[in-house]
Every structure is written in C-alpha cells, then in structure tokens.
Amino acid sequence: MSEPITSIKTFTSVWIALLILTGTTVGVAYLNLGAFSVVVVIVIATIKSLLVALFFMEVRYSPAITKVVIIAGILWLLIMLLLSLTDFASRSWSLGL
Amino acid sequence: MATAVQPVEPTNYLNADYGIKSWLLTTDHKRIAMLYLISITFFFWIGGLFAMLVRLELLTPAGDLMQADTYNKVFTMHGVTMVFFFLIPSVPAVLGNFLVPLMIGAKDLAFPRINLLSWYIYVAAGCLWLYTIVNGGVDTGWTFYTPLSTAFSNTHVITGALSVFIAGFSSIFTGLNFIVTIHRMRAPGMTWQRLPLFLWANYAAAVIMVLGTPVLAVTLLLVALERAFNIGVFNPQLGGDPLLFQHLFWFYSHPAVYIMILPGMGVISEIVACFSRKRIFGYNLVALASIAIAVLGFLVWAHHMFVAGISLYAALVFSLLSFFVAIPSAIKVFNWTATMYKGSIRFDTPMLYALGFIGLFTIGGLTGLFLACLGVDVHVHDTYFIIAHFHYIMVGGMVMAYMGGLHFWWPKISGKLYPEAWAKLSAMFVFFGFNLTFFPQFVLGYMGMPRRYQSYPPEFQVLNVLSTAGASILAVGYVLPMIYFLWSLRYGQNAGPNPWNAAGLEWKTASPPPTFNFDVTPVVNWEAYNYDELDKPQEVPLAS
Amino acid sequence: MQASQTAAHELRHHFADMDQQRETASFGMWIFLVTELMFFGGLFLAYLVYRFLYPTAFLEGSRHMNINLGALNTAVLICSSLTMVLAVRCAKTNQRKLTVIFLLVTMLLGLAFMGVKAIEYHEHWVAREVPGPAFQFEGTDPRHTQIFFSLYFAMTGLHALHMIIGCGMVLFLMMNAWRGLYNSEYYNPIEIGGLYWHFVDIVWIWLFPLLYLISHQHV
C-alpha cells in the first residue's frame, strides 16, 4: 500500500485536540463577544474540520485529485451561500439614483 | 468451394443472454442504456401528450377546452415530465451510458451496479410521478414556487415533489459514475487531450449533476416537509421568504439546463467532425468551453428572478454574469462552423440534425442574451418570449442533438442501418414543424401574451393557430423515427463495425459490441478525430 | 498466499488490478461526499439567510437548546471518529478481533448519539418548541423563532437520518470483519465507510455551534 499507516499516537493527539476545541467553542459562547463570536465559531469549526479531514480521513496522503474534489465542493458551497447573500444583504440598500 | 455454411451470429451484448431477468439484473452499461432508452421514450410521449393538450387549448382565444385549474395541471405535467423524466437523462443516460466506456476503451463504467441502481431509482421516481398524474397531477408549474406549492395548492404536490426528488438521485449516480470512470478507467494512451469531445461534454455535465442536483433535492424535500408537517421555512405567515425557495430552486435548475444541453453539444462535436471529415477546429478551446459552461452556469441563476423581488444590486450582478456564460457557448458554435469550413461535407441524417442544432441553438442562445438584459427581461418575463427562448434551446437544440446522436450511433447500438430516406424526411418534418411551432411564440411574447394562461386576447389567435399547426407537423417528425428504428431492428441492413468510417474507439469494435466491449484492451497512440488518417486512400496491391 | 487469494477473489472484471479498484472506490466515495455537502448546503443557506434577517429570533431560539446534551453529543461523535480510524488501522495491520471491537464501539457511540438526540427532541416537544399547530414560544419574535426551530429539526433530523444509515453501514462492515474479510491487502470498504462516517461528524461539527451556541451569555 502506498500510504503510510498513521500511528495511534497521532490519532489520539488529534482526538484530544478536537475535544479541547469543542470545549473552547462552548466556553466562548458564554462570553460577550458580539459579532466577533461568529468569527470565532467559524474559525474553530474550520480547524476541527481540517483536523478530521487531514488526519482521520487521511487527506494529507490522498492523491491530488481528491484534494481538488474537496476544494471544488467547498468552493461551490461558498458560491451558493455568498452569491445568494448578495440579494438578501442588499435589499435594504437605497437605489442611490 | 464448400457448401455455404450458415454464419454463426457473433455474441454481442444483445444476444449474450436471453430472458427478462438477464435484462433487469444486468450490469452491462450497454443494456442499461437500452433500459433507459425505453423508459425515457415512454415519458417523452407522456410529456408530448400534455404538450398536445396545451396546444389544442390554445387554438382558440377562450379557455374552452378545459377548466383553468386543469390547464395549470396540464402545463405543469408537460414541464415536469419533459425536464426531469426526459431531457435530463436523455443523452447522458442513453448515449452516455452506452458510449462512455467504449470511447475510453474500458470494459464498463466504474460502478456497474450503481449504474443499474440509478435506472431503478429513475423507474421508481417515474412510477411515483405516474401515480401523481393519474391522481390529478400538480398545478404549480414545473417550478413548484412557494407559497403556492407549500400552502395553497390543492393538488398532489408532495408526491410530485418527491418523485422529482427521487429522480434527482438517479441523475447524481449517473454523474458520479461518469466522473470517476473518465478519471480512472481510460485505456493506456488515452490522455485527456485524446478524449472525444463527447466525453468532455458529458464530464462537464456530470460535474453539474453532482454539484447541483443535491440542492434541488433538499429544496423539494423542504417543500414536501413544509406541506406535510407545517414546518414553515418558506411560509410568509411565519416570516419565511418565498424568494429563498426560488434561490435554492434555481441554483440547481439553471445549471440543469446546462446538464441538458452540454451532452447534446458533445454529440454535435462528434457528428460535425465525422461529416466534415475533419478534426474539430480548436479542440482545446471546445473542451475548455464545456468546463467553462459548467462553472459559469452556476453563477447566473437569479436571472430567473429579476422581477421576483430580488434587490436591484443582485440583479445587476447576475445580469453581468449571465452575459459571460454566453461566451463559451458561442466559442463552440464558431468552432463547429470553422470545422465545416473546407471540410468534406456529407448531408447524412445525423449531419442534418447537427446543422439544425447549430442554427436553432444560436437563435435560442442569442435570445437568452436579450433576457439577460434587465430592461428587456422586465418586459418579456413570464411571456411566450421566454417559452420560445427555452424551447429553441431545448427542442431545437437538445432534442435535435439527441435525435442526431441516436441516428449516428444507431448502427453501433443495434447493428442495423436505419432507412436513410425516411430519416431525412423526418428531419425535415422536425425542422419545419419546430420553427412553425415556436417562432410565432417569440412574436406573441414580445406582443405581450403571458405564459401559463389558457385564454388570450383574440388578436393573438392567428399566431397561436400557426404554432399548433407546427406542433402537429413536429409530432409527425417524432413518430416516424420510432417506426423506422423499430423496423430497422428486423429488416434493416447489417451495419458492420464502422459504416460512417468515423474516428473513435467505439467504431473499432463490432456492431453491436460484445458484452465486454473489446476483445483486447486497446492501446491508444493516435490523436482524436484522426480523419486524415482514416481518409487516406488505401494501398491497392498490384498483384493478388 | 492466503491474503492475495482473498484479494484476487475480490477483483471485479472491469478493473485491471486491485489498486485501480481501490482508488476508484475511494474516489467515488469522495464525489458522493461532495453531493452530500451540497445536500446539507441548501439547509445551511436557509439557516444563513434567516439568521441574517432575524438575528434576535435565532438568538432566543438557540438559548432554548440543551447546550450540555449538545456538547456531550459532539464529544460522542468525536470519540466515534477515533474508534472508526482505529478500526481501519487494525484492518490494515491484520488485527481482526480489534477491528471488530472498534467497529462495534463506533456503532454503539452512534446509537448513543441518537439516544441523546431522542431525549432532546422529547424535551423540545414537551416545551412546545416543535413547529406546527402546537408551537408556542414566549419571546420577542415567536414567528421567526419558529423558523429557527423548523431549521433545527430539519438539519438535525437529516443529520440523524445519515447517522442511522451510517450505523447500519458500520454494522455491515463489522459482520464482514468478523468473517475475516478484511486484512492488510483488502481493507478499502472500511476505509471508505470511515470517510462517510467522518463526513457526518464534520456536519455535526458545524451544526452544533450554529444551532446551540449562538450565544449563551446570560443577560
């Protein structure tokens, strides 16, 4: 097999990191960060997703085409979310004519 | 000379095994393609029946053939049947399934059992849709707009929406299969740039299927849930936004039109190359244009919503993006034309359909640019102009490409030749009938006749009568091939492996192909569309 | 040799060799996961739009989520992902019994997740937070909070459906592992099953903060 076998130590380290990050994100919810709390949530969730993908799903050993597929999927999701938001976010803007 | 021996019919995918079980449990991509051919042809006639009812109603200005509610159901069922149960599967599920492994030199698709599953899912969806029709149908339009569909319609929206939901998974599995197959199962030497453009086009369409269809699925699921359990996401009484539905719906349904047209464009590339005896002009650009259409097609969906209530700023963004998506389509039209320039043109039936496609798709596509223009769209949205626009692309374009492809590959699929004279005659009926049906609709729409209305002002009648007359002629053009294709199965001339002397791996194996496609895995060391090689005069030995 | 006999037995006719079969199967699963991403994505769009339009309603709805059970479930899923990768690893290293045990624990953790979800759903039902005619909510914007709850049930419901399918799949893999089907030459089914399982975990990694943690700062 081409891929090396990841060690148990690596897996458990990632597992502990995920649990710590979960605790962090729960703790942050009790702080008053206003709009910034959304940013924190997204950053933590992104890191957790990356850890699961790279280490548990072994994307770091996957062929390039797999990484292209993943990036394309995320990109398309972002296209759908952001381009739709151009409508909802700009509805209240005045015409400025 | 020995006495004539009865030739043993070689084993091919059609006679390899007999009995209904061998067909219903097959994993051979060619047999599955035939299963699809039969099913989608069935739904084509159902959709056509509803079209005929629409056109009959519109012969007279008054709504006198049926009640208004019934008319709503009729055009809805025409739309849903034609879009989801005919057009979306047509070229990919029939021609794609048959040809993709052959064209890349593989023994089958990557996941043959998932291929069969995808057909069963389609059939299940079709049965649920038939059940919906028989029980009174749906009246929301194929677009299922909320809150009509979720709250106010009294028709079978849930089963209708669920049948489309299920059909979506058939499409997703087909797309998944194509992408993985084209990436992983190419024969040695078959590089990406040696692929026939039919494969680039189907690959691009498969990417759209995989990325877009799930969004439609979840949206229709939400509609069904909202209607069944009153959990309001689109319900304005709860502060839901009907436009959210439209964003979600069109995020798939606009790229869906490219799912429908791209494989057709792939067919045209193959036909134009063969009947001009030339490599497609600008191969790389045509391949890239397929990918560009797939990508750009995802960025323009809100042009269906210009007058629905989206913000002006969003409308401007989507209008601009919609202009861009025309560019790769135009590139293809220019390249097909350039291919024909100084080519050795033959006007066999497939080429007639291809030429018809190029002209009619251009008209349909150009009118799309008119619609991308905000000012024009405000005037013609929800009129017959729109109907003419998309029928020019879908029928004048896509269905003609499908017919052209069926004729081109019929010898390979069946081992028989269809009768050329009848085929040419049918193509004439189709072309003439099509234009008579739909060109008047551009005029009607511009003059203000709304779509989805069963009655109209009397001054529109003449054009409507012309349109209905055209539809009858068009119908003849579709009935004739059904008859002569079936006739050819029994009485047609044997085709031989390559009756068109066409390029492509599929023509290097027998007609019909054996179950495992190739006796020996081909090793490809020539470029695609090597017509200069194929047309080299054969060396004639001077002595026997 | 025993291992390669098993492998040869599994090679499907249209593939040239096991490597091609394995890579193709993995690639297929990744494409499928992208479709799942877009499938959930539609719901995320709905969530995004309504949270943008009605932030207070969403805030108040989120405060009625059971943050302890949600956090517990997140931890349960993370643990199940660990046991899943360990199952794959044991298959790769020819440890049949441990493979079965890790798959079993994965499935049990998945069932535990569903049990906790059932408790939560029941709590919401009792508190009249299930959308529909029985919905009743004391807040500044109950109409829009009902949308929040609609999305909550749709998103977690769809996620739970995927968990159920996942548990069934893990059970199937476990039975095959028990029969000795997987080893260092042939472990691909567990690997791609793992991909699906981790994806469902990643969906929950996003659902949890977006639904439960909008803000728990007590005013």
# chains A, B, ... in the order shown; residues from 1 in each chain; ligands from 1
call {"tool": "residues_around", "arguments": {"residues": "B:Gly175", "least_positions_apart": "4", "cutoff": "7 Å", "atoms": "only C-alpha atoms", "output": "MDAnalysis selection string"}}
result
chainID B and resid 171 179 206:207 209:210
call {"tool": "write_last_selection", "arguments": {"atoms": "C-alpha atoms", "output": "PDB file, in the first residue's frame"}}
result
ATOM      1  CA  SER B 171     -29.027  11.764 -12.035  1.00  0.00           C
ATOM      2  CA  ILE B 179     -16.703  11.435 -13.434  1.00  0.00           C
ATOM      3  CA  ALA B 206     -21.674  15.141 -14.790  1.00  0.00           C
ATOM      4  CA  VAL B 207     -19.917  17.737 -12.638  1.00  0.00           C
ATOM      5  CA  MET B 209     -25.214  16.863 -11.850  1.00  0.00           C
ATOM      6  CA  VAL B 210     -23.078  16.118  -8.836  1.00  0.00           C
TER       7      VAL B 210
END
call {"tool": "select_by_dssp", "arguments": {"residues": "chain A", "states": "alpha helix (DSSP H)", "output": "PyMOL selection string"}}
result
chain A and resi 8-29+36-51+64-90
call {"tool": "interface_residues", "arguments": {"of": "chain C", "to": "chain B", "cutoff": "6 Å", "atoms": "only C-alpha atoms", "output": "PyMOL selection string"}}
result
chain C and resi 14+35+38-39+42+131-132+143-144+147+150
call {"tool": "closest_residue", "arguments": {"among": "B:Tyr313, B:Phe434, B:Trp507, B:Phe385", "to": "chain A", "atoms": "only C-alpha atoms"}}
result
B:Tyr313
call {"tool": "closest_atom_pairs", "arguments": {"of": "chain A", "to": "chain B", "cutoff": "9 Å", "atoms": "only C-alpha atoms", "output": "Markdown table"}}
result
| residue | atom | partner | partner_atom | distance |
| --- | --- | --- | --- | --- |
| A:Gly73 | CA | B:Leu211 | CA | 7.4 |
| A:Trp76 | CA | B:Leu211 | CA | 7.4 |
| A:Leu77 | CA | B:Leu211 | CA | 8.9 |
| A:Ile79 | CA | B:Leu299 | CA | 7.6 |
| A:Met80 | CA | B:Phe251 | CA | 7.3 |
| A:Leu83 | CA | B:Leu299 | CA | 7.8 |
| A:Ser84 | CA | B:His247 | CA | 6.8 |
| A:Leu85 | CA | B:Ala314 | CA | 8.8 |
| A:Thr86 | CA | B:Ala314 | CA | 5.5 |
| A:Asp87 | CA | B:Ala314 | CA | 4.9 |
| A:Phe88 | CA | B:Ser311 | CA | 7.4 |
| A:Ala89 | CA | B:Ser311 | CA | 8.6 |
| A:Ser90 | CA | B:Ser311 | CA | 6.0 |
| A:Arg91 | CA | B:Ser311 | CA | 4.7 |
| A:Ser92 | CA | B:Ser311 | CA | 8.0 |
| A:Trp93 | CA | B:Ser311 | CA | 8.2 |
| A:Leu95 | CA | B:Leu312 | CA | 7.7 |
call {"tool": "interface_residues", "arguments": {"of": "chain C", "to": "chain A", "cutoff": "9 Å", "atoms": "only C-alpha atoms", "output": "NGL selection string"}}
result
:C and (19 or 26-27 or 30-31 or 33-35 or 37-38 or 41-42 or 44-45 or 48-49 or 52-53 or 67 or 71 or 74-75 or 78-79 or 81-82 or 84-86 or 89 or 92-93 or 184-185 or 191-192 or 194-195 or 198-199 or 201-203 or 205-206 or 209-210 or 213-218)
